[in-house]
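File shown: my_file.cif (mmCIF, C-alpha atoms).
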data_query
loop_
_atom_site.label_atom_id
_atom_site.label_comp_id
_atom_site.auth_asym_id
_atom_site.auth_seq_id
_atom_site.Cartn_x
_atom_site.Cartn_y
_atom_site.Cartn_z
CA MET K 182 0.00 0.00 0.00
CA ASP K 183 2.85 2.37 0.88
CA PHE K 184 4.47 1.67 -2.49
CA ASN K 185 1.29 2.49 -4.35
CA VAL K 186 0.86 5.75 -2.49
CA ARG K 187 4.43 6.77 -3.25
CA LYS K 188 4.03 5.86 -6.89
CA LEU K 189 0.80 7.82 -7.07
CA ALA K 190 2.49 10.83 -5.50
CA ALA K 191 5.43 10.55 -7.89
CA ASP K 192 3.12 10.29 -10.92
CA ALA K 193 1.15 13.29 -9.69
CA GLY K 194 4.38 15.26 -9.33
CA ILE K 195 5.47 14.36 -12.86
CA PHE K 196 2.05 15.28 -14.23
CA PHE K 197 2.11 18.63 -12.45
CA SER K 198 5.64 19.39 -13.64
CA ARG K 199 4.75 18.58 -17.24
CA ALA K 200 1.62 20.68 -17.02
CA VAL K 201 3.66 23.65 -15.80
CA GLN K 202 6.25 23.06 -18.49
CA PHE K 203 3.62 22.76 -21.21
CA THR K 204 1.97 26.01 -20.03
CA GLU K 205 5.29 27.83 -20.04
CA GLU K 206 5.93 26.63 -23.60
CA ARG K 207 2.55 27.94 -24.68
CA LEU K 208 3.35 31.30 -23.09
CA GLY K 209 6.81 31.37 -24.67
CA GLN K 210 8.60 31.23 -21.31
CA ALA K 211 10.34 27.91 -21.93
CA GLU K 212 12.30 26.39 -24.79
CA LYS K 213 10.71 23.65 -26.87
CA THR K 214 12.42 20.99 -28.95
CA GLU K 215 11.02 21.36 -32.46
CA LEU K 216 10.44 18.44 -34.79
CA ASP K 217 11.73 18.56 -38.35
CA ALA K 218 9.45 19.76 -41.17
CA HIS K 219 9.02 16.28 -42.66
CA PHE K 220 7.87 14.90 -39.31
CA GLU K 221 5.41 17.76 -38.88
CA ASN K 222 3.99 17.05 -42.34
CA LEU K 223 3.55 13.39 -41.41
CA LEU K 224 1.69 14.40 -38.25
CA SER K 225 -0.57 16.77 -40.17
CA ARG K 226 -1.29 14.14 -42.81
CA ALA K 227 -2.12 11.55 -40.17
CA ASP K 228 -4.53 13.91 -38.39
CA CYS K 229 -6.20 14.76 -41.71
CA THR K 230 -6.55 11.06 -42.55
CA LYS K 231 -8.10 10.27 -39.20
CA ASN K 232 -10.59 13.16 -39.31
CA TRP K 233 -11.84 12.47 -42.82
CA THR K 234 -11.91 8.71 -42.35
CA GLU K 235 -14.10 9.19 -39.30
CA LYS K 236 -16.49 11.50 -41.17
CA ILE K 237 -16.71 9.16 -44.18
CA TYR K 238 -17.29 6.19 -41.89
CA ARG K 239 -20.10 7.89 -39.96
CA GLN K 240 -21.86 9.19 -43.06
CA THR K 241 -21.58 5.84 -44.85
CA GLU K 242 -23.29 4.27 -41.84
CA VAL K 243 -26.11 6.79 -42.22
CA VAL K 244 -26.44 6.05 -45.95
CA LEU K 245 -26.53 2.29 -45.45
CA GLN K 246 -28.79 2.42 -42.39
CA PRO K 247 -30.78 5.68 -42.10
CA ASN K 248 -32.59 4.47 -38.98
CA PRO K 249 -30.58 5.69 -35.93
CA GLY K 250 -32.33 3.20 -33.65
CA ALA K 251 -31.20 0.31 -35.83
CA ARG K 252 -27.64 1.67 -35.86
CA ILE K 253 -27.59 1.84 -32.07
CA GLU K 254 -28.93 -1.71 -31.86
CA GLU K 255 -26.23 -2.99 -34.23
CA PHE K 256 -23.58 -1.10 -32.22
CA LEU K 257 -24.72 -2.71 -28.96
CA TYR K 258 -24.77 -6.19 -30.48
CA GLU K 259 -21.27 -5.60 -31.81
CA LYS K 260 -19.94 -4.46 -28.42
CA LEU K 261 -21.58 -7.44 -26.75
CA ASP K 262 -19.95 -9.67 -29.37
CA ARG K 263 -23.30 -11.11 -30.39
CA LYS K 264 -24.72 -11.73 -33.85
CA VAL K 265 -27.21 -9.17 -35.07
CA PRO K 266 -30.60 -10.86 -35.60
CA PRO K 267 -31.82 -10.86 -39.23
CA ARG K 268 -34.03 -7.90 -39.98
CA PRO K 269 -36.21 -7.71 -43.15
CA THR K 270 -35.67 -4.67 -45.31
CA ASN K 271 -38.42 -2.17 -45.99
CA GLY K 272 -38.75 -3.48 -49.54
CA GLU K 273 -39.26 -7.03 -48.33
CA ILE K 274 -41.93 -5.90 -45.84
CA LEU K 275 -43.73 -3.91 -48.54
CA GLY K 276 -43.60 -6.89 -50.90
CA GLN K 277 -45.05 -9.18 -48.25
CA PHE K 278 -47.91 -6.75 -47.60
CA MET K 279 -48.69 -6.61 -51.33
CA LEU K 280 -48.73 -10.39 -51.65
CA GLU K 281 -51.08 -10.72 -48.68
CA ALA K 282 -53.33 -7.99 -50.10
CA ALA K 283 -53.44 -9.82 -53.43
CA LYS K 284 -54.79 -12.92 -51.69
CA GLU K 285 -57.59 -10.83 -50.16
CA PHE K 286 -58.51 -9.01 -53.39
CA GLY K 287 -58.30 -12.14 -55.51
CA PRO K 288 -55.20 -13.17 -57.43
CA GLY K 289 -57.29 -13.67 -60.58
CA THR K 290 -58.28 -9.98 -60.80
CA PRO K 291 -56.13 -7.47 -62.69
CA TYR K 292 -55.40 -5.58 -59.47
CA GLY K 293 -54.61 -8.73 -57.50
CA SER K 294 -52.36 -10.21 -60.19
CA THR K 295 -50.52 -6.90 -60.54
CA LEU K 296 -50.05 -6.72 -56.78
CA ILE K 297 -48.45 -10.16 -56.94
CA LYS K 298 -46.00 -9.06 -59.64
CA VAL K 299 -45.15 -5.77 -57.90
CA GLY K 300 -44.88 -7.45 -54.49
CA ASP K 301 -42.55 -10.11 -55.86
CA CYS K 302 -40.40 -7.37 -57.42
CA GLN K 303 -40.32 -5.45 -54.13
CA ARG K 304 -39.16 -8.57 -52.31
CA ARG K 305 -36.38 -9.06 -54.85
CA LEU K 306 -35.39 -5.41 -54.47
CA GLY K 307 -35.33 -5.87 -50.70
CA GLY K 308 -33.16 -8.96 -51.04
CA ALA K 309 -30.76 -7.09 -53.31
CA GLU K 310 -30.64 -4.26 -50.76
CA ARG K 311 -29.78 -6.63 -47.92
CA GLU K 312 -27.00 -8.21 -49.94
CA PHE K 313 -25.69 -4.74 -50.83
CA LEU K 314 -25.69 -3.66 -47.17
CA GLN K 315 -23.88 -6.79 -46.02
CA THR K 316 -21.26 -6.63 -48.76
CA SER K 317 -20.66 -2.88 -48.25
CA SER K 318 -20.25 -3.36 -44.51
CA ILE K 319 -17.63 -6.07 -45.01
CA SER K 320 -15.72 -4.53 -47.90
CA PHE K 321 -15.80 -0.83 -46.91
CA LEU K 322 -16.99 -0.08 -43.38
CA THR K 323 -14.97 -2.81 -41.65
CA PRO K 324 -11.55 -1.64 -42.99
CA LEU K 325 -12.31 1.96 -42.00
CA ARG K 326 -13.38 0.89 -38.52
CA ASN K 327 -10.29 -1.31 -38.15
CA PHE K 328 -8.10 1.70 -38.94
CA LEU K 329 -9.86 3.98 -36.44
CA GLU K 330 -9.97 1.39 -33.66
CA GLY K 331 -6.63 -0.30 -34.37
CA ASP K 332 -3.94 1.54 -36.31
CA TRP K 333 -4.97 5.01 -35.20
CA ARG K 334 -5.06 4.08 -31.52
CA THR K 335 -1.53 2.70 -31.84
CA ILE K 336 -0.37 5.89 -33.56
CA SER K 337 -2.02 8.05 -30.88
CA LYS K 338 -0.39 6.03 -28.10
CA GLU K 339 3.07 6.39 -29.63
CA ARG K 340 2.52 10.11 -30.23
CA ARG K 341 1.66 10.62 -26.56
CA LEU K 342 4.82 8.76 -25.59
CA LEU K 343 6.81 10.95 -27.98
CA GLU K 344 5.33 14.09 -26.44
CA ASN K 345 6.27 12.86 -22.96
CA ARG K 346 9.80 12.09 -24.15
CA ARG K 347 10.05 15.57 -25.61
CA LEU K 348 8.91 17.18 -22.37
CA ASP K 349 11.44 15.08 -20.44
CA LEU K 350 14.19 16.11 -22.86
CA ASP K 351 13.31 19.80 -22.56
CA ALA K 352 13.25 19.49 -18.75
CA CYS K 353 16.73 17.92 -18.85
CA LYS K 354 17.94 20.74 -21.10
CA ALA K 355 16.59 23.30 -18.66
CA ARG K 356 18.31 21.57 -15.71
CA LEU K 357 21.58 21.36 -17.64
CA LYS K 358 21.40 25.04 -18.50
CA LYS K 359 20.72 25.91 -14.87
CA ALA K 360 23.60 23.71 -13.70
CA LYS K 361 26.02 25.32 -16.15
CA THR K 362 25.06 28.78 -15.01
CA ALA K 363 25.47 27.89 -11.34
CA GLU K 364 28.75 26.08 -11.99
CA ALA K 365 30.15 29.07 -13.87
CA LYS K 366 29.15 31.38 -11.03
CA ALA K 367 30.68 29.11 -8.39
CA ALA K 368 33.90 28.72 -10.38
CA ALA K 369 34.51 32.47 -10.45
CA VAL K 370 37.86 33.43 -8.66
CA PRO K 371 37.07 35.03 -5.23
CA ASP K 372 38.65 38.33 -4.06
CA PHE K 373 41.10 37.36 -1.30
CA GLN K 374 41.22 40.92 0.09
CA GLU K 375 37.47 41.13 0.61
CA THR K 376 36.57 37.50 1.09
CA ARG K 377 37.31 35.61 4.25
CA PRO K 378 39.20 32.30 3.93
CA ARG K 379 36.19 30.48 5.32
CA ASN K 380 34.02 31.87 2.52
CA TYR K 381 36.63 30.82 -0.03
CA VAL K 382 36.49 27.25 1.24
CA LEU K 383 32.70 27.28 1.01
CA SER K 384 32.92 28.64 -2.54
CA ALA K 385 35.28 25.85 -3.59
CA SER K 386 32.99 23.26 -2.04
CA ALA K 387 29.96 24.72 -3.87
CA SER K 388 31.90 24.63 -7.15
CA ALA K 389 32.63 20.94 -6.67
CA LEU K 390 28.98 20.26 -5.91
CA TRP K 391 27.84 22.09 -9.03
CA ASN K 392 30.42 20.22 -11.11
CA GLU K 393 28.89 17.00 -9.88
CA GLU K 394 25.40 18.32 -10.58
CA LEU K 395 26.52 19.35 -14.07
CA ASP K 396 27.81 15.86 -14.84
CA LYS K 397 24.58 14.36 -13.62
CA ALA K 398 22.49 16.77 -15.73
CA GLU K 399 24.58 16.00 -18.82
CA HIS K 400 24.10 12.26 -18.31
CA GLU K 401 20.34 12.65 -17.85
CA MET K 402 20.12 14.77 -20.99
CA ARG K 403 22.01 12.16 -23.05
CA VAL K 404 19.65 9.45 -21.82
CA ALA K 405 16.60 11.63 -22.51
CA GLN K 406 17.92 12.47 -25.99
CA THR K 407 18.42 8.78 -26.78
CA GLU K 408 14.90 7.87 -25.63
CA PHE K 409 13.44 10.78 -27.56
CA ASP K 410 15.25 9.79 -30.78
CA ARG K 411 14.17 6.16 -30.41
CA GLN K 412 10.54 7.11 -29.83
CA ALA K 413 10.63 9.61 -32.70
CA GLU K 414 11.82 6.86 -35.06
CA VAL K 415 9.06 4.49 -33.93
CA THR K 416 6.43 7.19 -34.39
CA ARG K 417 7.87 8.18 -37.77
CA LEU K 418 7.57 4.61 -39.08
CA LEU K 419 3.94 4.43 -37.97
CA LEU K 420 3.14 7.77 -39.57
CA GLU K 421 4.77 6.77 -42.85
CA GLY K 422 2.47 3.73 -42.83
CA ILE K 423 -0.43 6.12 -43.50
CA SER K 424 0.49 5.84 -47.20
CA SER K 425 -0.24 2.11 -47.07
CA THR K 426 -3.52 2.92 -45.31
CA HIS K 427 -4.50 5.21 -48.20
CA VAL K 428 -3.76 2.44 -50.71
CA ASN K 429 -5.86 -0.03 -48.71
CA HIS K 430 -8.73 2.42 -48.36
CA LEU K 431 -8.58 3.14 -52.10
CA ARG K 432 -8.98 -0.56 -52.85
CA CYS K 433 -11.92 -0.77 -50.43
CA LEU K 434 -13.49 2.32 -52.00
CA CYS K 435 -13.28 0.78 -55.47
CA GLU K 436 -14.95 -2.39 -54.15
CA PHE K 437 -17.69 -0.28 -52.55
CA VAL K 438 -18.35 1.56 -55.82
CA GLU K 439 -18.43 -1.73 -57.72
CA VAL K 440 -20.92 -3.24 -55.27
CA GLN K 441 -23.05 -0.10 -55.32
CA ALA K 442 -23.08 0.01 -59.13
CA MET K 443 -24.05 -3.67 -59.26
CA TYR K 444 -26.86 -3.07 -56.77
CA TYR K 445 -28.34 -0.12 -58.67
CA SER K 446 -27.99 -1.97 -61.98
CA GLN K 447 -29.83 -4.94 -60.51
CA CYS K 448 -32.59 -2.68 -59.19
CA HIS K 449 -32.81 -0.95 -62.57
CA ASN K 450 -33.28 -4.26 -64.36
CA TYR K 451 -35.94 -5.36 -61.89
CA MET K 452 -37.86 -2.12 -62.30
CA GLN K 453 -37.60 -2.13 -66.08
CA ASP K 454 -39.09 -5.60 -66.25
CA LEU K 455 -41.80 -4.65 -63.76
CA GLU K 456 -42.63 -1.44 -65.61
CA PHE K 457 -42.96 -3.39 -68.85
CA VAL K 458 -45.47 -5.82 -67.34
CA VAL K 459 -47.46 -3.25 -65.36
CA LEU K 460 -47.74 -0.95 -68.36
CA LEU K 461 -49.25 -3.74 -70.44
CA VAL K 462 -51.76 -4.63 -67.73
CA TYR K 463 -52.71 -0.98 -67.23
CA THR K 464 -53.12 -0.43 -70.97
CA PHE K 465 -55.23 -3.58 -71.31
CA VAL K 466 -57.49 -2.67 -68.38
CA ASN K 467 -58.07 0.86 -69.70
CA SER K 468 -58.95 -0.39 -73.17
CA HIS K 469 -61.18 -3.26 -71.91
CA PRO K 470 -63.59 -2.34 -69.11
CA ALA K 471 -63.97 -4.85 -66.29
CA GLY K 472 -66.60 -7.51 -66.97
CA SER K 473 -66.30 -7.27 -70.76
CA PRO K 474 -65.71 -10.48 -72.74
CA THR K 475 -62.15 -9.40 -73.37
CA ASP K 476 -61.29 -8.93 -69.70
CA PRO K 477 -58.82 -11.73 -68.90
CA SER K 478 -60.18 -12.01 -65.36
CA THR K 479 -63.53 -13.22 -66.77
CA PHE K 480 -62.17 -16.18 -68.70
CA LEU K 481 -58.58 -16.84 -67.61
CA PRO K 482 -58.20 -18.19 -64.05
CA LEU K 483 -54.87 -17.81 -62.25
CA ASN K 484 -52.25 -20.42 -63.21
CA SER K 485 -54.40 -21.66 -66.09
CA PRO K 486 -52.74 -22.21 -69.49
CA SER K 487 -52.82 -19.14 -71.71
CA LEU K 488 -54.62 -18.96 -74.99
CA LEU K 489 -51.29 -19.17 -76.73
CA GLU K 490 -50.56 -22.47 -75.04
CA THR K 491 -53.98 -24.01 -75.86
CA ASP K 492 -54.18 -22.93 -79.45
CA ALA K 493 -50.96 -22.55 -81.39
CA LEU K 494 -52.81 -21.15 -84.38
CA GLN K 495 -53.59 -17.97 -82.51
CA ILE K 496 -49.92 -16.95 -82.66
CA GLU K 497 -50.45 -15.48 -86.11
CA GLU K 498 -53.40 -13.48 -84.84
CA VAL K 499 -51.51 -11.87 -81.95
CA GLN K 500 -50.83 -8.19 -82.50
CA PRO K 501 -48.23 -6.14 -80.60
CA PRO K 502 -49.69 -3.61 -78.15
CA ALA K 503 -49.64 0.08 -78.95
CA SER K 504 -46.94 0.53 -76.34
CA GLY K 505 -44.72 -1.81 -74.41
CA THR K 506 -42.60 -3.49 -77.08
CA ARG K 507 -38.91 -3.86 -76.31
CA LYS K 508 -35.73 -4.94 -77.98
CA ALA K 509 -33.97 -8.03 -76.69
CA LYS K 510 -30.61 -9.63 -77.37
CA VAL K 511 -30.54 -13.42 -77.77
CA LEU K 512 -28.04 -15.02 -75.38
CA TYR K 513 -28.09 -18.63 -76.66
CA ASP K 514 -29.30 -20.60 -79.66
CA TYR K 515 -32.81 -21.98 -79.29
CA ASP K 516 -34.64 -24.43 -81.52
CA ALA K 517 -38.43 -24.07 -81.64
CA GLY K 518 -40.29 -26.95 -80.04
CA ASP K 519 -43.42 -26.50 -82.20
CA SER K 520 -44.98 -24.16 -84.72
CA SER K 521 -46.01 -21.67 -82.01
CA GLU K 522 -42.39 -20.99 -81.02
CA LEU K 523 -39.67 -18.97 -82.73
CA SER K 524 -36.16 -20.35 -83.25
CA LEU K 525 -33.36 -18.08 -82.04
CA ARG K 526 -29.70 -17.56 -82.84
CA ALA K 527 -27.20 -16.15 -80.33
CA ASP K 528 -26.40 -12.42 -80.47
CA GLU K 529 -29.31 -11.50 -82.78
CA LEU K 530 -31.74 -8.70 -81.85
CA ILE K 531 -35.49 -9.26 -81.84
CA THR K 532 -38.61 -7.35 -80.76
CA VAL K 533 -40.51 -8.81 -77.81
CA TYR K 534 -43.75 -8.14 -75.99
CA THR K 535 -46.29 -9.98 -73.90
CA VAL K 536 -50.05 -10.41 -73.99
CA PRO K 537 -52.60 -10.86 -71.21
CA GLY K 538 -52.81 -14.40 -69.87
CA MET K 539 -49.39 -15.42 -71.19
CA ASP K 540 -47.00 -17.41 -69.03
CA SER K 541 -44.43 -15.08 -67.43
CA ASP K 542 -41.62 -17.39 -68.59
CA TRP K 543 -42.42 -16.66 -72.25
CA LEU K 544 -42.69 -13.62 -74.51
CA ILE K 545 -43.84 -13.05 -78.05
CA GLY K 546 -40.83 -12.50 -80.30
CA GLU K 547 -40.76 -10.95 -83.76
CA ARG K 548 -37.99 -11.08 -86.33
CA GLY K 549 -39.01 -9.59 -89.62
CA ASN K 550 -42.13 -11.45 -90.75
CA GLN K 551 -41.56 -14.32 -88.33
CA LYS K 552 -43.38 -14.43 -85.02
CA GLY K 553 -43.56 -16.91 -82.15
CA LYS K 554 -43.11 -17.62 -78.47
CA VAL K 555 -39.58 -17.29 -77.06
CA PRO K 556 -38.27 -18.21 -73.55
CA VAL K 557 -37.34 -15.26 -71.36
CA THR K 558 -34.26 -17.03 -69.99
CA TYR K 559 -32.67 -16.99 -73.43
CA LEU K 560 -32.98 -13.19 -73.73
CA GLU K 561 -31.37 -10.04 -72.39
CA LEU K 562 -33.95 -7.28 -72.36
CA LEU K 563 -32.54 -3.98 -73.59
CA SER K 564 -33.64 -0.48 -72.70
#
Go ahead and express the file in the form of structure tokens.
Amino acid sequence: MDFNVRKLAADAGIFFSRAVQFTEERLGQAEKTELDAHFENLLSRADCTKNWTEKIYRQTEVVLQPNPGARIEEFLYEKLDRKVPPRPTNGEILGQFMLEAAKEFGPGTPYGSTLIKVGDCQRRLGGAEREFLQTSSISFLTPLRNFLEGDWRTISKERRLLENRRLDLDACKARLKKAKTAEAKAAAVPDFQETRPRNYVLSASASALWNEELDKAEHEMRVAQTEFDRQAEVTRLLLEGISSTHVNHLRCLCEFVEVQAMYYSQCHNYMQDLEFVVLLVYTFVNSHPAGSPTDPSTFLPLNSPSLLETDALQIEEVQPPASGTRKAKVLYDYDAGDSSELSLRADELITVYTVPGMDSDWLIGERGNQKGKVPVTYLELLS
């Protein structure tokens, strides 16, 4: 217990002395060992890197998870070293609501069948969003957090040690300067006519004491200088490693952009396909009032074979809608299975569209005067 109290008192004394010394340096009343310009540039660059990395990290969190409550929950789970429970995205929840509403309204009605298609698309969008969030967190947020919580803490620790070593060195320099001044004053030749012999003896004794104090101060300064140089070299190496950090963060940034571009491209494709289908349904409903003989809900139950599947001869009678046709690129060769289908060759461009009651896995394809059903999986729909 006595040892701990003494150590506490000694640490408090050192802290107080350094605080006084630091204040005197700020006021210009004490000398300060300056670092070279290159070292100062490294320090400034490191501080800039830390500040902007922290801002980018925080704002990326907001972009990926706008809900602050969810961010706090994820933070707590992370600190408790527990796995975050799966949480459905807003798109997946919306899609589920639409699918449940379609069951209530009737999946065979135009509104109900459209709700099914839109709800399924929303669920796929939600799934793509979840995959994007997970991938972005691993490839971009995690490296930034590792730098802030790992590398930067190490750099800060070594910088504090360097600052303490500098303060110790400056304190040793001040003691050495004081010892030299006192030693020079004590070594001055006394006036034998005005000074008593006893005073001369005391002056010689004081000179010897100050010589000893001077030697001690010089030794302490050499030790402090060595420790300062060693710590400065360690800190310099860590600061120069910031360049490697920039390279690593650049790689992570490129991965984040690639993942983000893939996510938006996937969403764009989903929405284009959905817009194509919904536009056809909306156009058909507006041109054929509900309950009329041409309303597909009056004669085509859900999951029943389409007219095109029951009567191949009707292929020739199918006409493209006024709007909703699209160009498609053929991905693979396809040989028609019967007279209602259209054979395809890889890399050719054809015009495609759909008609009410047609299986979603098929489209009507046109190439010149030829017309027939084509499988969607063999096509790449173009804008």
Find the nearest atom pair between each residue of segment 221-278 of chain K and segment 429-437 of chain K for residues within 12 Å, count only C-alpha atoms, give distances in Å to one decimal, sort rows by chain and ascending number, and present the table as a tab-separated table.
residue	atom	partner	partner_atom	distance
K:Thr230	CA	K:His430	CA	10.6
K:Trp233	CA	K:His430	CA	11.9
K:Thr234	CA	K:His430	CA	9.3
K:Ile237	CA	K:Leu434	CA	10.9
K:Tyr238	CA	K:His430	CA	11.4
K:Thr241	CA	K:Phe437	CA	10.6
K:Leu245	CA	K:Phe437	CA	11.6
Atomic distance atom CA of Gln441 of chain K - atom CA of Glu312 of chain K, expressed in Å with one decimal
10.5 Å
Applied to this file, what does the PyMOL selection byres ((chain K and resi 418) around 12) return in terms of residues, put as a ChimeraX atom specification?
/K:220,223-224,227,335-336,339-340,411-417,419-425
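Rounded to one decimal, atom CA of Met402 of chain K and atom CA of Asp351 of chain K lie 8.6 Å from each other.
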Interatomic distance, atom CA of Arg347 of chain K to atom CA of Glu394 of chain K (Å, one decimal)
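Taking atom CA of Arg347 of chain K as the start and atom CA of Glu394 of chain K as the end point, the length is 21.7 Å.
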